[in-house]
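Structure file protein20.txt with compact mmCIF, C-alpha atoms and all ligand atoms:
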# COMPACT_ATOMS: atom_id res chain seq x y z
CA MET W 9 154.74 244.66 104.18
CA ILE W 10 156.31 241.68 105.91
CA PRO W 11 159.63 240.33 104.50
CA HIS W 12 159.41 237.30 102.21
CA THR W 13 161.15 234.82 104.56
CA ILE W 14 158.60 235.57 107.28
CA THR W 15 155.65 235.21 104.91
CA ALA W 16 157.01 231.83 103.75
CA ASP W 17 157.05 230.71 107.41
CA LEU W 18 153.55 232.05 107.92
CA VAL W 19 152.23 230.21 104.86
CA LYS W 20 153.73 226.96 106.17
CA LYS W 21 152.36 227.52 109.65
CA TYR W 22 148.94 228.40 108.23
CA THR W 23 148.90 225.33 105.97
CA ASP W 24 150.07 222.94 108.72
CA ILE W 25 147.45 224.10 111.20
CA ARG W 26 144.63 224.09 108.67
CA GLN W 27 145.54 220.59 107.51
CA TYR W 28 145.56 219.25 111.05
CA SER W 29 141.84 220.07 111.47
CA GLU W 30 141.07 217.96 108.41
CA LYS W 31 143.34 215.18 109.66
CA ILE W 32 141.33 215.03 112.91
CA CYS W 33 138.18 214.51 110.84
CA ALA W 34 139.67 211.94 108.44
CA PRO W 35 138.42 208.87 110.41
CA LEU W 36 134.82 210.16 110.41
CA GLU W 37 131.92 208.82 108.35
CA ILE W 38 129.77 211.50 106.68
CA GLU W 39 126.96 211.01 109.23
CA ASP W 40 129.37 211.72 112.12
CA TYR W 41 129.98 215.25 110.78
CA VAL W 42 126.40 216.42 111.18
CA VAL W 43 124.92 215.62 114.59
CA GLN W 44 124.73 217.82 117.70
CA PRO W 45 123.76 215.56 120.63
CA ILE W 46 123.84 218.40 123.22
CA VAL W 47 124.12 222.17 122.91
CA ASP W 48 127.80 222.22 123.88
CA VAL W 49 128.82 219.67 121.25
CA SER W 50 128.88 221.22 117.79
CA PRO W 51 128.78 219.12 114.62
CA PRO W 52 132.33 218.53 113.28
CA LYS W 53 131.36 220.06 109.94
CA TRP W 54 130.32 223.25 111.74
CA HIS W 55 133.79 223.55 113.33
CA LEU W 56 135.38 223.12 109.88
CA GLY W 57 133.18 225.85 108.43
CA HIS W 58 133.35 228.23 111.39
CA THR W 59 137.17 228.26 111.58
CA THR W 60 137.26 229.00 107.83
CA TRP W 61 134.68 231.77 108.28
CA PHE W 62 136.97 233.31 110.91
CA PHE W 63 139.80 233.81 108.38
CA GLU W 64 137.39 234.96 105.67
CA THR W 65 135.60 237.45 107.94
CA PHE W 66 138.45 238.88 109.98
CA ILE W 67 141.32 238.76 107.47
CA LEU W 68 140.29 238.40 103.83
CA ILE W 69 137.15 240.56 103.63
CA PRO W 70 138.56 243.63 105.46
CA ASN W 71 142.13 243.42 104.13
CA PHE W 72 142.19 241.84 100.65
CA PRO W 73 140.59 244.26 98.16
CA ASP W 74 140.10 241.71 95.36
CA TYR W 75 138.63 239.01 97.58
CA LYS W 76 135.27 237.56 96.52
CA VAL W 77 133.21 236.01 99.31
CA PHE W 78 132.69 232.26 98.78
CA ASP W 79 129.02 232.32 99.75
CA ALA W 80 127.39 235.36 101.39
CA GLN W 81 124.88 233.12 103.25
CA TYR W 82 127.64 231.36 105.18
CA ASN W 83 128.04 234.36 107.49
CA PHE W 84 124.70 233.49 109.08
CA VAL W 85 125.56 229.80 109.44
CA PHE W 86 129.15 230.03 110.69
CA ASN W 87 129.17 233.14 112.90
CA SER W 88 129.43 231.71 116.42
CA TYR W 89 128.78 234.54 118.87
CA TYR W 90 130.00 237.81 117.32
CA GLU W 91 127.22 240.38 117.79
CA THR W 92 129.39 242.89 115.89
CA ILE W 93 129.18 240.68 112.79
CA GLY W 94 125.40 240.29 112.89
CA THR W 95 122.66 237.70 113.31
CA ARG W 96 123.39 233.98 113.19
CA VAL W 97 121.85 230.56 113.45
CA ILE W 98 121.06 229.80 117.11
CA ARG W 99 123.60 227.51 118.72
CA THR W 100 121.14 224.68 119.40
CA ASP W 101 120.30 224.53 115.68
CA ARG W 102 123.80 223.82 114.40
CA GLY W 103 123.00 220.11 114.24
CA ASN W 104 119.81 220.66 112.25
CA LEU W 105 121.61 221.96 109.18
CA SER W 106 121.95 219.33 106.50
CA ARG W 107 123.25 222.11 104.22
CA PRO W 108 125.85 223.35 103.55
CA SER W 109 126.96 219.78 102.96
CA VAL W 110 130.23 218.35 104.17
CA SER W 111 131.64 218.52 100.63
CA ASP W 112 130.49 222.17 100.30
CA ILE W 113 132.39 222.94 103.50
CA TYR W 114 135.55 221.22 102.30
CA ARG W 115 135.28 223.26 99.06
CA TYR W 116 134.88 226.39 101.21
CA ARG W 117 138.04 225.48 103.14
CA LYS W 118 139.99 224.90 99.95
CA TYR W 119 138.87 228.20 98.43
CA VAL W 120 139.69 230.25 101.55
CA ASP W 121 143.05 228.46 101.96
CA GLN W 122 144.03 229.24 98.37
CA GLN W 123 143.03 232.88 98.83
CA MET W 124 144.89 233.06 102.16
CA GLU W 125 148.07 231.73 100.56
CA ILE W 126 147.89 234.44 97.89
CA PHE W 127 147.03 237.07 100.49
CA LEU W 128 149.86 236.11 102.88
CA GLN W 129 152.40 236.74 100.11
CA SER W 130 150.75 239.94 98.85
CA GLU W 131 151.44 243.60 99.54
CA PHE W 132 148.30 243.68 101.72
CA MET W 133 149.85 241.46 104.38
CA THR W 134 150.95 243.87 107.12
CA GLU W 135 152.12 243.48 110.69
CA THR W 136 148.68 244.49 111.97
CA VAL W 137 147.15 241.64 110.01
CA GLU W 138 149.82 239.30 111.33
CA SER W 139 148.42 239.54 114.85
CA LEU W 140 144.94 238.73 113.50
CA LEU W 141 146.45 235.77 111.66
CA GLU W 142 148.00 234.52 114.92
CA LEU W 143 144.60 234.86 116.58
CA GLY W 144 142.95 232.97 113.71
CA LEU W 145 145.49 230.14 113.95
CA ASN W 146 145.17 229.88 117.73
CA HIS W 147 141.39 229.98 117.30
CA GLU W 148 141.62 227.06 114.85
CA GLN W 149 143.74 225.15 117.39
CA GLN W 150 141.12 225.73 120.08
CA HIS W 151 138.55 224.27 117.72
CA GLN W 152 140.87 221.31 117.02
CA GLU W 153 140.59 220.40 120.69
CA LEU W 154 136.82 220.92 120.51
CA LEU W 155 136.69 218.70 117.42
CA ILE W 156 138.30 215.88 119.41
CA THR W 157 136.09 216.35 122.47
CA ASP W 158 132.95 216.72 120.35
CA ILE W 159 133.76 213.68 118.19
CA LYS W 160 134.36 211.70 121.39
CA TYR W 161 130.96 212.79 122.71
CA ILE W 162 129.17 211.98 119.44
CA LEU W 163 130.71 208.50 119.13
CA GLY W 164 130.74 207.85 122.88
CA HIS W 165 126.99 208.46 123.10
CA ASN W 166 126.20 206.09 120.29
CA PRO W 167 124.97 202.74 121.66
CA LEU W 168 127.41 200.93 119.35
CA PHE W 169 130.38 202.71 121.03
CA PRO W 170 132.33 202.95 117.76
CA ALA W 171 136.07 203.61 118.14
CA TYR W 172 137.37 206.84 116.63
CA ILE W 173 140.80 205.35 116.07
CA ASN W 174 142.42 201.99 116.66
CA ASP W 175 145.94 202.98 117.57
CA GLY W 176 146.02 200.79 120.68
CA LYS W 177 147.25 203.84 122.54
CA THR W 178 147.80 203.42 126.24
CA GLU W 179 148.38 206.29 128.58
CA LYS W 180 151.65 207.05 130.25
CA HIS W 181 151.24 206.11 133.91
CA ASN W 182 153.28 208.01 136.36
CA PHE W 183 150.89 208.60 139.17
CA GLU W 184 152.14 206.31 141.91
CA ASP W 185 154.30 208.56 144.05
CA ARG W 186 152.25 211.69 144.50
CA LYS W 187 153.59 214.11 147.04
CA MET W 188 152.55 217.56 148.19
CA ILE W 189 154.92 220.34 147.09
CA GLU W 190 155.24 223.17 149.60
CA PHE W 191 155.31 226.88 148.77
CA SER W 192 155.96 229.71 151.18
CA GLU W 193 153.79 232.74 151.58
CA GLY W 194 154.86 235.79 149.65
CA ILE W 195 154.44 237.85 146.51
CA TYR W 196 154.24 236.01 143.18
CA GLU W 197 153.87 237.38 139.64
CA ILE W 198 151.07 236.08 137.46
CA GLY W 199 150.25 236.60 133.77
CA PHE W 200 151.86 236.42 130.35
CA MET W 201 155.34 237.91 130.00
CA ASP W 202 157.00 236.48 126.85
CA ASN W 203 157.12 237.87 123.31
CA GLY W 204 155.04 235.23 121.55
CA PHE W 205 151.29 234.89 121.18
CA CYS W 206 148.88 234.89 124.09
CA PHE W 207 145.16 235.56 124.44
CA ASP W 208 144.06 238.93 125.81
CA ASN W 209 142.81 237.29 129.04
CA GLU W 210 146.42 236.38 130.01
CA LEU W 211 147.71 239.95 129.76
CA GLY W 212 148.20 242.34 132.63
CA ARG W 213 151.02 240.64 134.51
CA HIS W 214 150.49 241.47 138.15
CA LYS W 215 151.60 240.65 141.67
CA VAL W 216 149.55 238.50 144.00
CA TYR W 217 150.07 237.63 147.64
CA LEU W 218 149.78 233.92 148.37
CA ASN W 219 149.65 232.34 151.80
CA ASP W 220 151.61 229.15 152.50
CA PHE W 221 150.17 226.38 150.34
CA GLU W 222 150.84 222.85 149.18
CA ILE W 223 149.96 221.48 145.74
CA ALA W 224 150.02 217.88 144.54
CA SER W 225 152.81 216.73 142.23
CA GLN W 226 150.39 214.41 140.35
CA LEU W 227 146.77 214.38 139.28
CA VAL W 228 144.08 212.34 141.03
CA THR W 229 143.81 208.84 139.52
CA ASN W 230 140.76 206.81 138.51
CA LYS W 231 141.56 204.48 141.44
CA GLU W 232 141.18 207.32 143.94
CA TYR W 233 138.09 208.63 142.21
CA LEU W 234 136.54 205.17 142.38
CA GLU W 235 137.26 205.11 146.14
CA PHE W 236 135.31 208.36 146.42
CA MET W 237 132.41 206.80 144.49
CA GLU W 238 132.48 203.61 146.56
CA ASP W 239 132.65 205.60 149.80
CA GLY W 240 129.30 207.20 148.91
CA GLY W 241 130.73 210.42 147.53
CA TYR W 242 127.74 210.93 145.25
CA GLN W 243 125.29 210.12 148.06
CA ASN W 244 126.52 212.54 150.72
CA PHE W 245 125.53 216.20 150.41
CA LYS W 246 128.24 217.36 152.81
CA TYR W 247 130.98 217.20 150.15
CA TRP W 248 129.05 219.29 147.61
CA HIS W 249 128.25 222.92 146.90
CA ALA W 250 124.46 223.48 147.06
CA GLU W 251 124.41 223.95 143.29
CA GLY W 252 126.54 220.81 142.86
CA TRP W 253 124.21 218.76 145.06
CA ASP W 254 121.22 219.94 142.99
CA TRP W 255 123.14 218.89 139.88
CA VAL W 256 123.83 215.42 141.37
CA LYS W 257 120.15 214.88 142.14
CA GLN W 258 118.79 216.29 138.90
CA ASN W 259 121.16 214.21 136.79
CA ALA W 260 121.34 211.10 139.02
CA ALA W 261 125.11 211.61 138.75
CA LYS W 262 127.26 208.72 139.93
CA SER W 263 130.51 208.62 137.91
CA PRO W 264 132.73 210.49 135.46
CA LEU W 265 131.35 210.93 131.95
CA TYR W 266 131.85 207.87 129.69
CA TRP W 267 131.89 205.38 132.59
CA HIS W 268 129.45 202.48 132.29
CA MET W 269 128.85 199.66 134.76
CA ILE W 270 128.67 196.57 132.55
CA ASP W 271 128.48 193.05 133.98
CA GLY W 272 129.75 194.29 137.34
CA LYS W 273 132.76 196.12 135.86
CA TRP W 274 133.35 199.82 135.30
CA MET W 275 133.99 200.34 131.59
CA ASN W 276 135.17 203.59 130.03
CA TYR W 277 134.55 204.87 126.50
CA THR W 278 137.88 206.04 125.05
CA LEU W 279 138.83 207.19 121.57
CA ASN W 280 139.91 203.55 121.09
CA GLY W 281 136.41 202.33 122.02
CA LEU W 282 135.01 200.84 125.22
CA GLN W 283 137.71 199.63 127.62
CA GLU W 284 137.95 198.63 131.24
CA VAL W 285 138.60 201.69 133.43
CA ASP W 286 142.36 202.14 133.76
CA LEU W 287 142.78 202.64 137.50
CA HIS W 288 146.25 204.16 137.16
CA ALA W 289 145.26 206.80 134.61
CA ALA W 290 144.40 210.35 135.69
CA ALA W 291 140.67 210.76 136.36
CA CYS W 292 139.02 212.52 133.43
CA HIS W 293 135.72 214.10 132.30
CA ILE W 294 134.98 215.45 135.77
CA ASN W 295 133.08 218.71 136.23
CA PHE W 296 133.86 221.48 138.70
CA TYR W 297 131.22 220.26 141.18
CA GLU W 298 132.74 216.78 141.17
CA ALA W 299 136.31 218.05 141.41
CA SER W 300 135.37 220.20 144.42
CA ALA W 301 133.41 217.38 146.09
CA PHE W 302 136.30 214.96 145.62
CA ALA W 303 138.74 217.46 147.15
CA SER W 304 136.37 218.00 150.07
CA TRP W 305 136.08 214.23 150.63
CA LYS W 306 139.90 214.11 150.71
CA GLY W 307 139.97 216.90 153.30
CA MET W 308 141.71 219.15 150.79
CA ARG W 309 140.71 221.74 148.17
CA LEU W 310 141.36 222.77 144.57
CA PRO W 311 144.23 225.21 143.95
CA THR W 312 143.51 228.79 142.91
CA GLU W 313 144.69 229.72 139.44
CA GLU W 314 147.39 231.91 140.96
CA GLU W 315 148.72 229.04 143.09
CA TRP W 316 148.64 226.76 140.05
CA GLU W 317 150.61 229.20 137.89
CA ALA W 318 153.14 230.03 140.62
CA ALA W 319 153.78 226.31 141.21
CA SER W 320 153.52 225.04 137.62
CA GLU W 321 157.25 224.72 136.96
CA HIS W 322 157.50 222.18 139.77
CA PHE W 323 155.11 219.54 138.43
CA GLU W 324 154.21 217.89 135.12
CA TRP W 325 151.00 219.07 133.49
CA GLY W 326 149.29 218.76 130.13
CA SER W 327 147.24 215.53 130.16
CA ARG W 328 144.09 217.02 131.75
CA TRP W 329 142.63 220.49 132.03
CA GLU W 330 142.80 221.11 135.76
CA TRP W 331 139.88 222.76 137.54
CA THR W 332 140.91 225.63 139.79
CA ASN W 333 138.91 227.26 142.55
CA SER W 334 139.14 230.61 140.72
CA ALA W 335 136.25 232.35 139.03
CA TYR W 336 137.01 233.46 135.47
CA LEU W 337 137.48 237.20 135.93
CA PRO W 338 139.53 239.92 134.20
CA TYR W 339 143.08 240.52 135.39
CA PRO W 340 143.82 244.04 136.66
CA GLY W 341 143.95 246.43 133.70
CA PHE W 342 142.23 244.03 131.30
CA LYS W 343 141.05 245.82 128.17
CA LYS W 344 138.76 244.48 125.48
CA GLU W 345 140.20 245.04 122.03
CA ALA W 346 138.30 247.30 119.65
CA GLY W 347 135.97 245.70 117.12
CA ALA W 348 134.61 242.18 116.83
CA VAL W 349 137.71 240.43 118.23
CA GLY W 350 137.00 242.27 121.50
CA GLU W 351 134.18 239.73 121.88
CA TYR W 352 136.67 236.83 121.92
CA ASN W 353 137.17 236.42 125.70
CA GLY W 354 136.00 239.35 127.80
CA LYS W 355 132.27 238.87 127.49
CA PHE W 356 132.50 235.37 128.98
CA MET W 357 133.93 236.56 132.29
CA VAL W 358 130.90 235.64 134.37
CA ASN W 359 129.69 232.38 135.96
CA GLN W 360 132.57 230.21 134.74
CA MET W 361 135.60 228.72 136.50
CA VAL W 362 139.21 228.75 135.28
CA LEU W 363 141.00 225.60 134.17
CA ARG W 364 144.77 225.51 133.89
CA GLY W 365 147.21 223.32 132.00
CA ALA W 366 146.24 221.55 128.78
CA SER W 367 144.96 218.10 127.85
CA GLU W 368 145.86 215.17 125.66
CA ALA W 369 143.48 216.69 123.09
CA THR W 370 145.30 220.06 123.01
CA PRO W 371 147.30 220.50 119.78
CA ASN W 372 151.09 220.65 120.05
CA GLY W 373 152.38 224.17 120.53
CA HIS W 374 149.10 225.46 121.95
CA SER W 375 149.84 225.37 125.68
CA ARG W 376 151.65 227.55 128.19
CA ASN W 377 151.48 227.95 131.96
CA THR W 378 149.67 231.31 131.73
CA TYR W 379 146.85 229.92 129.52
CA ARG W 380 143.40 230.50 131.05
CA ASN W 381 140.75 228.06 129.90
CA PHE W 382 137.23 228.41 131.30
CA PHE W 383 134.01 226.43 131.42
CA GLN W 384 130.72 226.35 133.27
CA THR W 385 130.71 224.33 136.49
CA ASN W 386 128.43 221.52 135.24
CA LEU W 387 130.31 220.62 132.05
CA LYS W 388 132.38 217.44 131.80
CA TRP W 389 132.86 216.67 128.12
CA GLN W 390 136.33 218.25 128.03
CA PHE W 391 139.37 216.24 129.19
CA THR W 392 139.17 217.66 132.71
CA GLY W 393 140.82 216.33 135.87
CA ILE W 394 141.77 217.14 139.44
CA ARG W 395 144.92 218.38 141.16
CA LEU W 396 144.65 218.73 144.94
CA ALA W 397 145.91 221.54 147.12
CA GLN W 398 145.82 222.47 150.77
FE FE W 401 135.22 229.90 117.51

If you took the structure in this file and wrote it as structure tokens, what would it be?
Ligand SMILES: [Fe+2]
Amino acid sequence: MIPHTITADLVKKYTDIRQYSEKICAPLEIEDYVVQPIVDVSPPKWHLGHTTWFFETFILIPNFPDYKVFDAQYNFVFNSYYETIGTRVIRTDRGNLSRPSVSDIYRYRKYVDQQMEIFLQSEFMTETVESLLELGLNHEQQHQELLITDIKYILGHNPLFPAYINDGKTEKHNFEDRKMIEFSEGIYEIGFMDNGFCFDNELGRHKVYLNDFEIASQLVTNKEYLEFMEDGGYQNFKYWHAEGWDWVKQNAAKSPLYWHMIDGKWMNYTLNGLQEVDLHAAACHINFYEASAFASWKGMRLPTEEEWEAASEHFEWGSRWEWTNSAYLPYPGFKKEAGAVGEYNGKFMVNQMVLRGASEATPNGHSRNTYRNFFQTNLKWQFTGIRLAQ
């Protein structure tokens, strides 16, 4: 059993993180909770249910003998991709579920939270469960970022362009004096080393040999990205991978996501509603194809994830997920954990690219320079940007 002072901290941490998910959803109207405009964007109510299901399925059911399942049918609705746990609603159908209702899901959250608070202070709370709890909390934080990006997509693809918030927030601009930081060839160590939490894909600290490289101190701005657009970047195949060029043609791509040419001006949908594109802000909602094409147009390239990590203490990061030129692959010695949680990361290590850093949508306390995010090359609904290297 874990000492009382630690369980009190865990209860507070659990409560704070769980409440933040609901705070993100507080500005929503009921209708906003339900829709799924594209396969990658899940309905907000599904995120709220799925994160709750995670604690119920991986902590309460196997470890709390007196626990009574809230609703046995929810396993089918809120299981995301865990084959070990059984069949589930197909991903494209998440937005077709009018039930369970939003209020049912909030009742589900309340029930599981009450049971978790009792459990965390019970004799059944062991150190083994503590690592599952950490995973559950970090999982909820990942979904908090997805809630923000999915809400932005839902509202930003509504013809009324409703604002999510009206906080008048303006970005911090510090992108004027970009320089290239030089690193010498040699052996660098990559991977998680500290005592705190990390995902399994960061483990296996290992040495890599890097050639001389230079990496930009700042991200690419909207002004530079607009220069690429105006210089025919989207019209010239020579900057693009073959797959990227196919994507440009099939989608008639011509700008970052959320940009709209209105009355001769580029406008940008932000969480504060439609605004003129801020030329000094870091370019955002760019996919891997676009990031690579931009770098090629500049006569440069994207950094590898190893270069990014080795250099990360020498530049500011955290406003955009930064595309790297590294495929998402296991580190040397990577082992899938036993059981369902072994499905968390390892099975996605094919056909995706690594992103490093964090974004303005990442919850506080959920970033570190060894964190490996990953997405498919065509996706641009995350807060993704570009850092150049050569
Ligand atoms: Fe999940």

Correct to one decimal, the distance CA of Glu135 in chain W-CA of Asn377 in chain W is 26.3 Å

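For the choices W:Asp74, W:Asp40, W:Glu138, W:Glu131, the atom-to-atom distance to Leu155 in chain W is smallest for W:Asp40 when using all atoms listed in the file.
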
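Going from CA of Asp79 in chain W over to CA of Glu64 in chain W, you cover 10.6 Å.
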
Long-range neighbours of range 89-106 of chain W as a PDB file with C-alpha atoms, keeping the file's coordinate frame, 6 Å cut-off, only C-alpha atoms, 6 positions minimum in chain:
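What landed in part-v8.pdb:
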ATOM      1  CA  VAL W  42     126.400 216.420 111.180  1.00  0.00           C
ATOM      2  CA  VAL W  43     124.920 215.620 114.590  1.00  0.00           C
ATOM      3  CA  GLN W  44     124.730 217.820 117.700  1.00  0.00           C
ATOM      4  CA  VAL W  47     124.120 222.170 122.910  1.00  0.00           C
ATOM      5  CA  PRO W  51     128.780 219.120 114.620  1.00  0.00           C
ATOM      6  CA  ALA W 348     134.610 242.180 116.830  1.00  0.00           C
TER       7      ALA W 348
END

Would you compute the distance between CA of Ile67 in chain W and CA of Gln152 in chain W? Give it in Å to one decimal.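 CA of Gln152 in chain W lies at a distance of 19.9 Å from CA of Ile67 in chain W.
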
Selection near His374 in chain W, 12 Å with only C-alpha atoms, sequence-local residues under 4 positions removed, as a PyMOL selection string: chain W and resi 25+142-143+145-153+204-207+326+365-370+378-381

(message) Let me make sure I understand: among W:Gly341, W:Pro371, W:Pro167, W:Pro264, which one has the smallest atom-to-atom distance to Trp389 in chain W if we use only C-alpha atoms?
(response)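 Once distances to Trp389 in chain W are computed over only C-alpha atoms, the minimum belongs to W:Pro264.
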
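Residue nearest Leu265 in chain W within the list W:Gly176, W:Pro45, W:Gly164, W:Pro11: W:Gly164 [criterion: smallest interatomic distance, only C-alpha atoms].
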
* For the point (133.6, 212.5, 121.4) in the file's frame, write as a PyMOL selection string all residues with an atom no more than 12 Å away, counting all atoms listed in the file. => chain W and resi 32-33+36+40-41+43-46+48-52+153-166+169-173+265-266+277-281+293+369+388-391

Include C-alpha atoms and write out the residues we just selected as a PDB file, in the frame of the given file.
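Generated output (again_30.pdb):
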ATOM      1  CA  ILE W  32     141.330 215.030 112.910  1.00  0.00           C
ATOM      2  CA  CYS W  33     138.180 214.510 110.840  1.00  0.00           C
ATOM      3  CA  LEU W  36     134.820 210.160 110.410  1.00  0.00           C
ATOM      4  CA  ASP W  40     129.370 211.720 112.120  1.00  0.00           C
ATOM      5  CA  TYR W  41     129.980 215.250 110.780  1.00  0.00           C
ATOM      6  CA  VAL W  43     124.920 215.620 114.590  1.00  0.00           C
ATOM      7  CA  GLN W  44     124.730 217.820 117.700  1.00  0.00           C
ATOM      8  CA  PRO W  45     123.760 215.560 120.630  1.00  0.00           C
ATOM      9  CA  ILE W  46     123.840 218.400 123.220  1.00  0.00           C
ATOM     10  CA  ASP W  48     127.800 222.220 123.880  1.00  0.00           C
ATOM     11  CA  VAL W  49     128.820 219.670 121.250  1.00  0.00           C
ATOM     12  CA  SER W  50     128.880 221.220 117.790  1.00  0.00           C
ATOM     13  CA  PRO W  51     128.780 219.120 114.620  1.00  0.00           C
ATOM     14  CA  PRO W  52     132.330 218.530 113.280  1.00  0.00           C
ATOM     15  CA  GLU W 153     140.590 220.400 120.690  1.00  0.00           C
ATOM     16  CA  LEU W 154     136.820 220.920 120.510  1.00  0.00           C
ATOM     17  CA  LEU W 155     136.690 218.700 117.420  1.00  0.00           C
ATOM     18  CA  ILE W 156     138.300 215.880 119.410  1.00  0.00           C
ATOM     19  CA  THR W 157     136.090 216.350 122.470  1.00  0.00           C
ATOM     20  CA  ASP W 158     132.950 216.720 120.350  1.00  0.00           C
ATOM     21  CA  ILE W 159     133.760 213.680 118.190  1.00  0.00           C
ATOM     22  CA  LYS W 160     134.360 211.700 121.390  1.00  0.00           C
ATOM     23  CA  TYR W 161     130.960 212.790 122.710  1.00  0.00           C
ATOM     24  CA  ILE W 162     129.170 211.980 119.440  1.00  0.00           C
ATOM     25  CA  LEU W 163     130.710 208.500 119.130  1.00  0.00           C
ATOM     26  CA  GLY W 164     130.740 207.850 122.880  1.00  0.00           C
ATOM     27  CA  HIS W 165     126.990 208.460 123.100  1.00  0.00           C
ATOM     28  CA  ASN W 166     126.200 206.090 120.290  1.00  0.00           C
ATOM     29  CA  PHE W 169     130.380 202.710 121.030  1.00  0.00           C
ATOM     30  CA  PRO W 170     132.330 202.950 117.760  1.00  0.00           C
ATOM     31  CA  ALA W 171     136.070 203.610 118.140  1.00  0.00           C
ATOM     32  CA  TYR W 172     137.370 206.840 116.630  1.00  0.00           C
ATOM     33  CA  ILE W 173     140.800 205.350 116.070  1.00  0.00           C
ATOM     34  CA  LEU W 265     131.350 210.930 131.950  1.00  0.00           C
ATOM     35  CA  TYR W 266     131.850 207.870 129.690  1.00  0.00           C
ATOM     36  CA  TYR W 277     134.550 204.870 126.500  1.00  0.00           C
ATOM     37  CA  THR W 278     137.880 206.040 125.050  1.00  0.00           C
ATOM     38  CA  LEU W 279     138.830 207.190 121.570  1.00  0.00           C
ATOM     39  CA  ASN W 280     139.910 203.550 121.090  1.00  0.00           C
ATOM     40  CA  GLY W 281     136.410 202.330 122.020  1.00  0.00           C
ATOM     41  CA  HIS W 293     135.720 214.100 132.300  1.00  0.00           C
ATOM     42  CA  ALA W 369     143.480 216.690 123.090  1.00  0.00           C
ATOM     43  CA  LYS W 388     132.380 217.440 131.800  1.00  0.00           C
ATOM     44  CA  TRP W 389     132.860 216.670 128.120  1.00  0.00           C
ATOM     45  CA  GLN W 390     136.330 218.250 128.030  1.00  0.00           C
ATOM     46  CA  PHE W 391     139.370 216.240 129.190  1.00  0.00           C
TER      47      PHE W 391
END

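Between ligand FE 401 (chain W) and the candidates W:Met308, W:Leu282, W:Ala319, W:Leu56, the tightest atom-to-atom separation, counting only C-alpha atoms and all ligand atoms, involves W:Leu56.
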
Can you pull out the residues contacting His12 in chain W? Cut-off 12 Å, using only C-alpha atoms, and skip same-chain residues under 2 positions away; I want them as a ChimeraX atom specification. /W:9-10,14-19,128-131,133-134

With distances taken over all atoms listed in the file, the candidate from W:Gly354, W:Pro108, W:Gly144, W:Pro70 nearest ligand FE 401 (chain W) is W:Gly144

Counting only C-alpha atoms, the residue among W:Leu363, W:Asp220, W:Tyr336, W:Ala301 that lies closest to Phe191 in chain W is W:Asp220

- Item | Contact residues around Trp325 in chain W with all atoms listed in the file at 12 Å, ignoring same-chain residues under 2 positions, as a ChimeraX atom specification | /W:182-183,224-227,290,316-317,319-323,327-330,363-368,370,375-377,392-395

#### Entry: Non-local contacts of Pro340 in chain W (9 Å; all atoms listed in the file; under 2 positions in same chain excluded) as an MDAnalysis selection string
chainID W and resid 211:214 338 342

Take the point (130.1, 218.9, 151.3) as written in the file and pick out every residue within 9 Å of it, counting only C-alpha atoms; give the list as a PyMOL selection string.
-> chain W and resi 244-250+253+300-301+304-305
